[in-house]
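*Asks:* Contents are mmCIF, N, CA and C atoms; file name final_22.cif:
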data_upload
loop_
_atom_site.label_atom_id
_atom_site.label_comp_id
_atom_site.auth_asym_id
_atom_site.auth_seq_id
_atom_site.Cartn_x
_atom_site.Cartn_y
_atom_site.Cartn_z
N MET S 18 -8.70 24.57 -15.33
CA MET S 18 -8.55 24.59 -13.90
C MET S 18 -7.06 24.51 -13.56
N THR S 19 -6.63 25.33 -12.62
CA THR S 19 -5.23 25.37 -12.23
C THR S 19 -5.06 24.72 -10.86
N THR S 20 -3.98 23.98 -10.72
CA THR S 20 -3.65 23.38 -9.43
C THR S 20 -2.39 24.04 -8.92
N THR S 21 -2.43 24.52 -7.70
CA THR S 21 -1.28 25.16 -7.09
C THR S 21 -0.53 24.13 -6.26
N HIS S 22 0.78 24.14 -6.34
CA HIS S 22 1.60 23.19 -5.60
C HIS S 22 2.56 23.92 -4.68
N ALA S 23 2.91 23.26 -3.60
CA ALA S 23 3.87 23.82 -2.64
C ALA S 23 5.02 22.85 -2.48
N LEU S 24 6.18 23.37 -2.20
CA LEU S 24 7.35 22.52 -1.97
C LEU S 24 7.41 22.18 -0.49
N ARG S 25 7.32 20.90 -0.19
CA ARG S 25 7.43 20.45 1.19
C ARG S 25 8.91 20.33 1.51
N GLN S 26 9.37 21.01 2.53
CA GLN S 26 10.80 21.08 2.83
C GLN S 26 11.41 19.74 3.20
N SER S 27 10.67 18.90 3.94
CA SER S 27 11.29 17.68 4.45
C SER S 27 11.60 16.66 3.36
N THR S 28 10.76 16.54 2.35
CA THR S 28 10.99 15.53 1.33
C THR S 28 11.16 16.12 -0.06
N HIS S 29 11.02 17.41 -0.18
CA HIS S 29 11.15 18.11 -1.46
C HIS S 29 10.20 17.55 -2.52
N GLN S 30 9.00 17.22 -2.11
CA GLN S 30 7.98 16.76 -3.05
C GLN S 30 6.97 17.86 -3.23
N PHE S 31 6.41 17.94 -4.42
CA PHE S 31 5.37 18.91 -4.67
C PHE S 31 4.02 18.30 -4.33
N LEU S 32 3.27 18.98 -3.49
CA LEU S 32 1.96 18.51 -3.09
C LEU S 32 0.94 19.63 -3.26
N PRO S 33 -0.27 19.31 -3.67
CA PRO S 33 -1.30 20.34 -3.80
C PRO S 33 -1.64 20.95 -2.45
N PHE S 34 -1.98 22.25 -2.45
CA PHE S 34 -2.43 22.92 -1.22
C PHE S 34 -3.76 22.32 -0.79
N GLY S 35 -4.01 22.34 0.49
CA GLY S 35 -5.33 21.99 1.01
C GLY S 35 -5.60 20.51 1.14
N ILE S 36 -4.58 19.66 1.06
CA ILE S 36 -4.82 18.23 1.24
C ILE S 36 -4.88 17.93 2.73
N ASP S 37 -5.92 17.24 3.14
CA ASP S 37 -6.06 16.83 4.53
C ASP S 37 -5.59 15.39 4.65
N PHE S 38 -4.40 15.19 5.23
CA PHE S 38 -3.82 13.86 5.31
C PHE S 38 -4.47 12.98 6.37
N SER S 39 -5.38 13.54 7.17
CA SER S 39 -6.07 12.71 8.16
C SER S 39 -7.34 12.11 7.58
N ILE S 40 -7.63 12.39 6.30
CA ILE S 40 -8.80 11.82 5.64
C ILE S 40 -8.64 10.31 5.56
N LYS S 41 -9.73 9.62 5.89
CA LYS S 41 -9.70 8.16 5.87
C LYS S 41 -10.16 7.64 4.52
N ASP S 42 -9.64 6.49 4.16
CA ASP S 42 -10.07 5.78 2.96
C ASP S 42 -10.53 4.40 3.42
N ASP S 43 -11.85 4.21 3.53
CA ASP S 43 -12.37 2.96 4.07
C ASP S 43 -12.05 1.76 3.19
N HIS S 44 -11.97 1.95 1.87
CA HIS S 44 -11.61 0.85 0.98
C HIS S 44 -10.18 0.38 1.25
N LEU S 45 -9.28 1.34 1.50
CA LEU S 45 -7.90 1.01 1.85
C LEU S 45 -7.87 0.24 3.17
N GLY S 46 -8.66 0.68 4.14
CA GLY S 46 -8.71 0.00 5.43
C GLY S 46 -9.19 -1.43 5.33
N VAL S 47 -10.22 -1.66 4.51
CA VAL S 47 -10.75 -3.02 4.31
C VAL S 47 -9.72 -3.89 3.61
N ARG S 48 -9.08 -3.34 2.57
CA ARG S 48 -8.06 -4.10 1.84
C ARG S 48 -6.91 -4.49 2.76
N ASN S 49 -6.46 -3.53 3.57
CA ASN S 49 -5.36 -3.81 4.50
C ASN S 49 -5.78 -4.81 5.58
N SER S 50 -7.04 -4.76 6.01
CA SER S 50 -7.53 -5.75 6.98
C SER S 50 -7.49 -7.15 6.40
N HIS S 51 -7.88 -7.29 5.12
CA HIS S 51 -7.83 -8.60 4.46
C HIS S 51 -6.39 -9.10 4.33
N ILE S 52 -5.47 -8.20 4.02
CA ILE S 52 -4.06 -8.58 3.93
C ILE S 52 -3.55 -9.06 5.29
N LEU S 53 -3.91 -8.34 6.37
CA LEU S 53 -3.50 -8.75 7.72
C LEU S 53 -4.07 -10.12 8.08
N GLU S 54 -5.34 -10.34 7.73
CA GLU S 54 -5.97 -11.65 8.01
C GLU S 54 -5.24 -12.76 7.27
N ASP S 55 -4.93 -12.53 5.99
CA ASP S 55 -4.20 -13.53 5.20
C ASP S 55 -2.80 -13.77 5.76
N LEU S 56 -2.18 -12.71 6.24
CA LEU S 56 -0.85 -12.82 6.83
C LEU S 56 -0.89 -13.67 8.10
N ILE S 57 -1.88 -13.43 8.94
CA ILE S 57 -2.02 -14.21 10.18
C ILE S 57 -2.35 -15.67 9.88
N ASP S 58 -3.17 -15.89 8.86
CA ASP S 58 -3.55 -17.26 8.48
C ASP S 58 -2.45 -18.00 7.73
N GLY S 59 -1.36 -17.31 7.39
CA GLY S 59 -0.24 -17.93 6.69
C GLY S 59 -0.46 -18.07 5.19
N LYS S 60 -1.38 -17.31 4.63
CA LYS S 60 -1.67 -17.39 3.20
C LYS S 60 -0.77 -16.50 2.36
N LEU S 61 -0.04 -15.59 3.01
CA LEU S 61 0.86 -14.68 2.29
C LEU S 61 2.31 -15.07 2.54
N SER S 62 3.10 -15.03 1.48
CA SER S 62 4.52 -15.36 1.64
C SER S 62 5.40 -14.11 1.60
N ARG S 63 4.81 -12.96 1.36
CA ARG S 63 5.58 -11.72 1.31
C ARG S 63 6.10 -11.36 2.70
N GLU S 64 7.24 -10.72 2.74
CA GLU S 64 7.84 -10.34 4.00
C GLU S 64 7.33 -8.98 4.46
N TYR S 65 6.93 -8.90 5.71
CA TYR S 65 6.50 -7.65 6.32
C TYR S 65 7.28 -7.45 7.61
N TYR S 66 7.29 -6.23 8.10
CA TYR S 66 7.99 -5.91 9.34
C TYR S 66 6.97 -5.72 10.45
N PHE S 67 7.28 -6.30 11.60
CA PHE S 67 6.41 -6.23 12.76
C PHE S 67 7.14 -5.47 13.85
N GLN S 68 6.62 -4.31 14.21
CA GLN S 68 7.24 -3.50 15.26
C GLN S 68 6.28 -3.46 16.44
N THR S 69 6.70 -4.09 17.53
CA THR S 69 5.80 -4.37 18.65
C THR S 69 6.17 -3.58 19.89
N ARG S 70 5.14 -3.15 20.58
CA ARG S 70 5.30 -2.54 21.90
C ARG S 70 4.36 -3.25 22.86
N CYS S 71 4.83 -3.42 24.08
CA CYS S 71 4.07 -4.15 25.09
C CYS S 71 3.34 -3.17 26.01
N PHE S 72 2.07 -3.44 26.24
CA PHE S 72 1.25 -2.67 27.18
C PHE S 72 0.69 -3.67 28.19
N GLY S 73 1.40 -3.87 29.29
CA GLY S 73 0.99 -4.88 30.26
C GLY S 73 1.17 -6.26 29.64
N CYS S 74 0.08 -7.00 29.50
CA CYS S 74 0.11 -8.34 28.89
C CYS S 74 -0.38 -8.32 27.45
N VAL S 75 -0.60 -7.13 26.90
CA VAL S 75 -1.07 -7.01 25.52
C VAL S 75 0.05 -6.44 24.67
N TYR S 76 0.25 -7.03 23.50
CA TYR S 76 1.29 -6.59 22.58
C TYR S 76 0.63 -5.92 21.38
N LEU S 77 1.00 -4.68 21.12
CA LEU S 77 0.46 -3.92 20.00
C LEU S 77 1.54 -3.87 18.93
N THR S 78 1.23 -4.40 17.76
CA THR S 78 2.19 -4.51 16.67
C THR S 78 1.73 -3.69 15.48
N VAL S 79 2.62 -2.84 14.97
CA VAL S 79 2.36 -2.14 13.71
C VAL S 79 3.03 -2.96 12.62
N VAL S 80 2.26 -3.34 11.61
CA VAL S 80 2.75 -4.15 10.50
C VAL S 80 2.99 -3.22 9.32
N SER S 81 4.20 -3.28 8.74
CA SER S 81 4.53 -2.37 7.64
C SER S 81 5.35 -3.08 6.57
N LYS S 82 5.38 -2.45 5.40
CA LYS S 82 6.16 -2.99 4.28
C LYS S 82 7.64 -2.67 4.46
N LEU S 83 7.93 -1.58 5.15
CA LEU S 83 9.30 -1.14 5.42
C LEU S 83 9.46 -0.92 6.91
N VAL S 84 10.69 -0.95 7.39
CA VAL S 84 10.94 -0.62 8.78
C VAL S 84 10.64 0.86 8.96
N ILE S 85 9.87 1.18 10.00
CA ILE S 85 9.54 2.58 10.25
C ILE S 85 10.23 3.02 11.54
N SER S 86 10.53 4.30 11.61
CA SER S 86 11.21 4.84 12.79
C SER S 86 10.22 4.97 13.95
N ASP S 87 10.76 5.16 15.15
CA ASP S 87 9.90 5.39 16.31
C ASP S 87 9.05 6.64 16.12
N GLN S 88 9.63 7.64 15.48
CA GLN S 88 8.91 8.88 15.22
C GLN S 88 7.71 8.62 14.31
N THR S 89 7.90 7.83 13.26
CA THR S 89 6.81 7.49 12.35
C THR S 89 5.78 6.61 13.06
N TRP S 90 6.24 5.68 13.90
CA TRP S 90 5.34 4.81 14.67
C TRP S 90 4.43 5.68 15.53
N ASN S 91 5.04 6.63 16.25
CA ASN S 91 4.27 7.51 17.13
C ASN S 91 3.32 8.40 16.33
N ALA S 92 3.80 8.94 15.20
CA ALA S 92 2.95 9.81 14.38
C ALA S 92 1.77 9.02 13.81
N PHE S 93 2.04 7.80 13.32
CA PHE S 93 0.97 6.96 12.78
C PHE S 93 -0.06 6.65 13.86
N MET S 94 0.39 6.19 15.02
CA MET S 94 -0.55 5.83 16.08
C MET S 94 -1.33 7.05 16.56
N GLY S 95 -0.67 8.20 16.62
CA GLY S 95 -1.36 9.43 17.03
C GLY S 95 -2.46 9.81 16.06
N THR S 96 -2.18 9.69 14.76
CA THR S 96 -3.18 10.01 13.74
C THR S 96 -4.25 8.93 13.66
N PHE S 97 -3.83 7.67 13.74
CA PHE S 97 -4.73 6.52 13.61
C PHE S 97 -5.76 6.50 14.74
N THR S 98 -5.34 6.83 15.96
CA THR S 98 -6.26 6.78 17.10
C THR S 98 -7.10 8.04 17.25
N LYS S 99 -7.00 8.98 16.32
CA LYS S 99 -7.91 10.12 16.33
C LYS S 99 -9.33 9.68 15.97
N ASP S 100 -9.44 8.55 15.29
CA ASP S 100 -10.73 7.95 14.98
C ASP S 100 -11.28 7.35 16.27
N ALA S 101 -12.45 7.79 16.70
CA ALA S 101 -13.01 7.35 17.97
C ALA S 101 -13.23 5.84 18.02
N ASP S 102 -13.63 5.23 16.90
CA ASP S 102 -13.86 3.78 16.87
C ASP S 102 -12.55 3.02 17.07
N VAL S 103 -11.50 3.47 16.41
CA VAL S 103 -10.19 2.82 16.53
C VAL S 103 -9.68 2.96 17.96
N GLU S 104 -9.78 4.16 18.50
CA GLU S 104 -9.31 4.40 19.87
C GLU S 104 -10.08 3.55 20.87
N ALA S 105 -11.40 3.47 20.71
CA ALA S 105 -12.22 2.66 21.62
C ALA S 105 -11.85 1.18 21.52
N PHE S 106 -11.61 0.69 20.30
CA PHE S 106 -11.24 -0.72 20.10
C PHE S 106 -9.91 -1.02 20.78
N ILE S 107 -8.91 -0.18 20.55
CA ILE S 107 -7.59 -0.40 21.14
C ILE S 107 -7.66 -0.29 22.66
N ASP S 108 -8.37 0.72 23.18
CA ASP S 108 -8.51 0.86 24.63
C ASP S 108 -9.18 -0.36 25.24
N MET S 109 -10.25 -0.86 24.58
CA MET S 109 -10.96 -2.03 25.08
C MET S 109 -10.03 -3.25 25.11
N MET S 110 -9.25 -3.43 24.04
CA MET S 110 -8.35 -4.59 23.97
C MET S 110 -7.26 -4.51 25.04
N ILE S 111 -6.72 -3.33 25.24
CA ILE S 111 -5.65 -3.17 26.23
C ILE S 111 -6.20 -3.30 27.65
N ASN S 112 -7.40 -2.80 27.88
CA ASN S 112 -7.98 -2.86 29.23
C ASN S 112 -8.46 -4.26 29.61
N LYS S 113 -8.67 -5.14 28.63
CA LYS S 113 -9.10 -6.52 28.92
C LYS S 113 -7.88 -7.44 28.89
N GLN S 114 -6.92 -7.17 29.73
CA GLN S 114 -5.67 -7.91 29.71
C GLN S 114 -5.76 -9.28 30.36
N TYR S 115 -6.89 -9.64 30.89
CA TYR S 115 -7.01 -10.96 31.52
C TYR S 115 -7.13 -12.08 30.49
N ASP S 116 -7.36 -11.74 29.24
CA ASP S 116 -7.51 -12.75 28.18
C ASP S 116 -6.18 -12.92 27.45
N SER S 117 -5.45 -14.00 27.75
CA SER S 117 -4.13 -14.18 27.13
C SER S 117 -4.23 -14.66 25.69
N ASP S 118 -5.41 -15.09 25.25
CA ASP S 118 -5.62 -15.53 23.87
C ASP S 118 -6.20 -14.42 23.00
N LEU S 119 -6.11 -13.21 23.48
CA LEU S 119 -6.65 -12.05 22.80
C LEU S 119 -5.99 -11.85 21.44
N LEU S 120 -6.78 -11.58 20.41
CA LEU S 120 -6.24 -11.26 19.10
C LEU S 120 -7.21 -10.34 18.38
N GLY S 121 -6.71 -9.21 17.92
CA GLY S 121 -7.53 -8.27 17.16
C GLY S 121 -6.66 -7.57 16.14
N LEU S 122 -7.28 -7.11 15.06
CA LEU S 122 -6.51 -6.38 14.05
C LEU S 122 -7.36 -5.28 13.44
N ILE S 123 -6.67 -4.25 12.99
CA ILE S 123 -7.31 -3.12 12.32
C ILE S 123 -6.44 -2.76 11.13
N GLY S 124 -7.03 -2.70 9.94
CA GLY S 124 -6.30 -2.29 8.75
C GLY S 124 -6.13 -0.78 8.71
N ASN S 125 -4.99 -0.34 8.25
CA ASN S 125 -4.71 1.09 8.12
C ASN S 125 -5.60 1.70 7.05
N ASN S 126 -6.34 2.74 7.41
CA ASN S 126 -7.20 3.43 6.45
C ASN S 126 -6.72 4.85 6.18
N LEU S 127 -5.45 5.12 6.47
CA LEU S 127 -4.89 6.46 6.26
C LEU S 127 -3.93 6.46 5.07
N PRO S 128 -4.30 7.07 3.96
CA PRO S 128 -3.42 7.11 2.79
C PRO S 128 -2.09 7.81 3.04
N LYS S 129 -2.01 8.60 4.11
CA LYS S 129 -0.77 9.30 4.44
C LYS S 129 0.36 8.32 4.77
N TYR S 130 -0.01 7.12 5.24
CA TYR S 130 0.97 6.10 5.63
C TYR S 130 0.80 4.87 4.74
N PRO S 131 1.23 4.96 3.48
CA PRO S 131 0.98 3.85 2.54
C PRO S 131 1.77 2.58 2.86
N ASP S 132 2.87 2.69 3.59
CA ASP S 132 3.68 1.51 3.89
C ASP S 132 3.20 0.75 5.12
N VAL S 133 2.27 1.34 5.88
CA VAL S 133 1.75 0.69 7.08
C VAL S 133 0.47 -0.06 6.72
N LEU S 134 0.45 -1.37 7.01
CA LEU S 134 -0.73 -2.19 6.74
C LEU S 134 -1.77 -2.06 7.83
N GLY S 135 -1.34 -1.92 9.06
CA GLY S 135 -2.29 -1.81 10.15
C GLY S 135 -1.70 -2.23 11.47
N VAL S 136 -2.61 -2.54 12.40
CA VAL S 136 -2.24 -2.83 13.78
C VAL S 136 -2.80 -4.20 14.16
N ILE S 137 -1.98 -4.99 14.84
CA ILE S 137 -2.43 -6.26 15.41
C ILE S 137 -2.23 -6.19 16.91
N LEU S 138 -3.27 -6.54 17.67
CA LEU S 138 -3.19 -6.60 19.13
C LEU S 138 -3.26 -8.06 19.54
N MET S 139 -2.31 -8.48 20.38
CA MET S 139 -2.23 -9.89 20.77
C MET S 139 -2.09 -10.02 22.28
N GLY S 140 -2.70 -11.06 22.81
CA GLY S 140 -2.48 -11.43 24.19
C GLY S 140 -1.13 -12.11 24.32
N GLU S 141 -0.70 -12.27 25.55
CA GLU S 141 0.64 -12.80 25.82
C GLU S 141 0.85 -14.21 25.27
N SER S 142 -0.14 -15.09 25.41
CA SER S 142 0.05 -16.48 24.95
C SER S 142 0.16 -16.55 23.43
N ILE S 143 -0.56 -15.71 22.72
CA ILE S 143 -0.47 -15.70 21.25
C ILE S 143 0.86 -15.10 20.82
N TYR S 144 1.28 -14.02 21.46
CA TYR S 144 2.54 -13.37 21.08
C TYR S 144 3.73 -14.30 21.30
N LYS S 145 3.71 -15.04 22.39
CA LYS S 145 4.87 -15.88 22.73
C LYS S 145 4.83 -17.25 22.07
N SER S 146 3.75 -17.57 21.34
CA SER S 146 3.70 -18.89 20.67
C SER S 146 4.38 -18.86 19.32
#
Represent the structure from my file as structure tokens, please.
*Replies:*
Amino acid sequence: MTTTHALRQSTHQFLPFGIDFSIKDDHLGVRNSHILEDLIDGKLSREYYFQTRCFGCVYLTVVSKLVISDQTWNAFMGTFTKDADVEAFIDMMINKQYDSDLLGLIGNNLPKYPDVLGVILMGESIYKS
């Protein structure tokens, strides 16, 4: 069996034709969710980067192993919210801004973004504590 590869101009890496980078990996998502839970509970000592944007009284944070650019943040969120369940969860959390103790998390299930662990949504009182 032969595998054909193409040269990607932006990173000069060889990748097989026909890979769908929007494919989800549920095992990766579960693993990343557990890591986020341990991080919130203070069980992990590893350093992660938290890049936060405010939507009214709700703070949406992308947690990553490396600092990511705004372009990568936007691309990740655009791809991540293509999943109807993820989009509905985030919309519900943002629309219920009356709860200042709001806290929710979703592990990244997209192998295309290996450095991103996932998303944490926080109410104002949790974010500022």
*Asks:* Go through S:Val47, S:Val136, S:Val75, S:Leu61 and flag the residue nearest Lys113 in chain S, using only N, CA and C atoms for the distances.
*Replies:*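 Ranked by minimum distance to Lys113 in chain S, first place goes to S:Val75.
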*Asks:* If you count all atoms listed in the file, which residues fall within 6.5 Å of Glu141 in chain S, apart from same-chain ones fewer than 3 positions away, as a PyMOL selection string?
*Replies:* chain S and resi 74-76+116-119+144-146
*Asks:* Smallest atom-to-atom distance to Gly121 in chain S: which of S:Gly59, S:Gly73, S:Gly140, S:Gly95, using all atoms listed in the file?
*Replies:*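 The answer is S:Gly140, which sits nearest to Gly121 in chain S.
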*Asks:* Choose the residue, out of S:Val84, S:Leu77, S:Thr96, S:Met109, that has the smallest atom-to-atom separation from Leu127 in chain S; count all atoms listed in the file.
*Replies:*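 For Leu127 in chain S, the nearest of the given residues is S:Thr96.
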*Asks:* Rounded to one decimal place, report the CA of Val80 in chain S-CA of Leu53 in chain S distance in Å.
*Replies:*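 That distance, rounded to one decimal, is 8.2 Å.
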*Asks:* Please expand the PyMOL selection byres (((chain S and resi 54 and name CA) around 12) and name CA) into the concrete residues it hits in this file, giving the result as a list in words.
*Replies:*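 Output from the PyMOL selection byres (((chain S and resi 54 and name CA) around 12) and name CA), applied to this file: Val47, Arg48, Asn49, Ser50, His51, Ile52, Leu53, Asp55, Leu56, Ile57, Asp58, Gly59, Lys60, Leu61, Val80, Leu120, Gly121, Leu122, Ile123, Gly124, Leu134, Gly135, Val136 and Ile137 of chain S.
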*Asks:* Kindly give the distance, in Å, that separates CA of Asn91 in chain S and atom N of Arg70 in chain S, rounded to a single decimal.
*Replies:*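 Interatomic distance, CA of Asn91 in chain S to atom N of Arg70 in chain S: 11.2 Å.
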*Asks:* Quick one: distance from atom C of Ser81 in chain S to atom C of Met94 in chain S in Å, one decimal?
*Replies:*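 Taking atom C of Ser81 in chain S as the start and atom C of Met94 in chain S as the end point, the length is 15.7 Å.
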*Asks:* Using backbone DSSP assignments, extract all alpha helix (DSSP H) residues from range 38-130 of chain S; output them as a PyMOL selection string.
*Replies:* chain S and resi 43-58+87-97+101-112
*Asks:* Pick out the closest residue to Met139 in chain S from this set: S:Phe67, S:Leu83, S:Asp43, S:Thr78. Count only N, CA and C atoms.
*Replies:*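 The shortest atom-to-atom distance to Met139 in chain S comes from S:Thr78.
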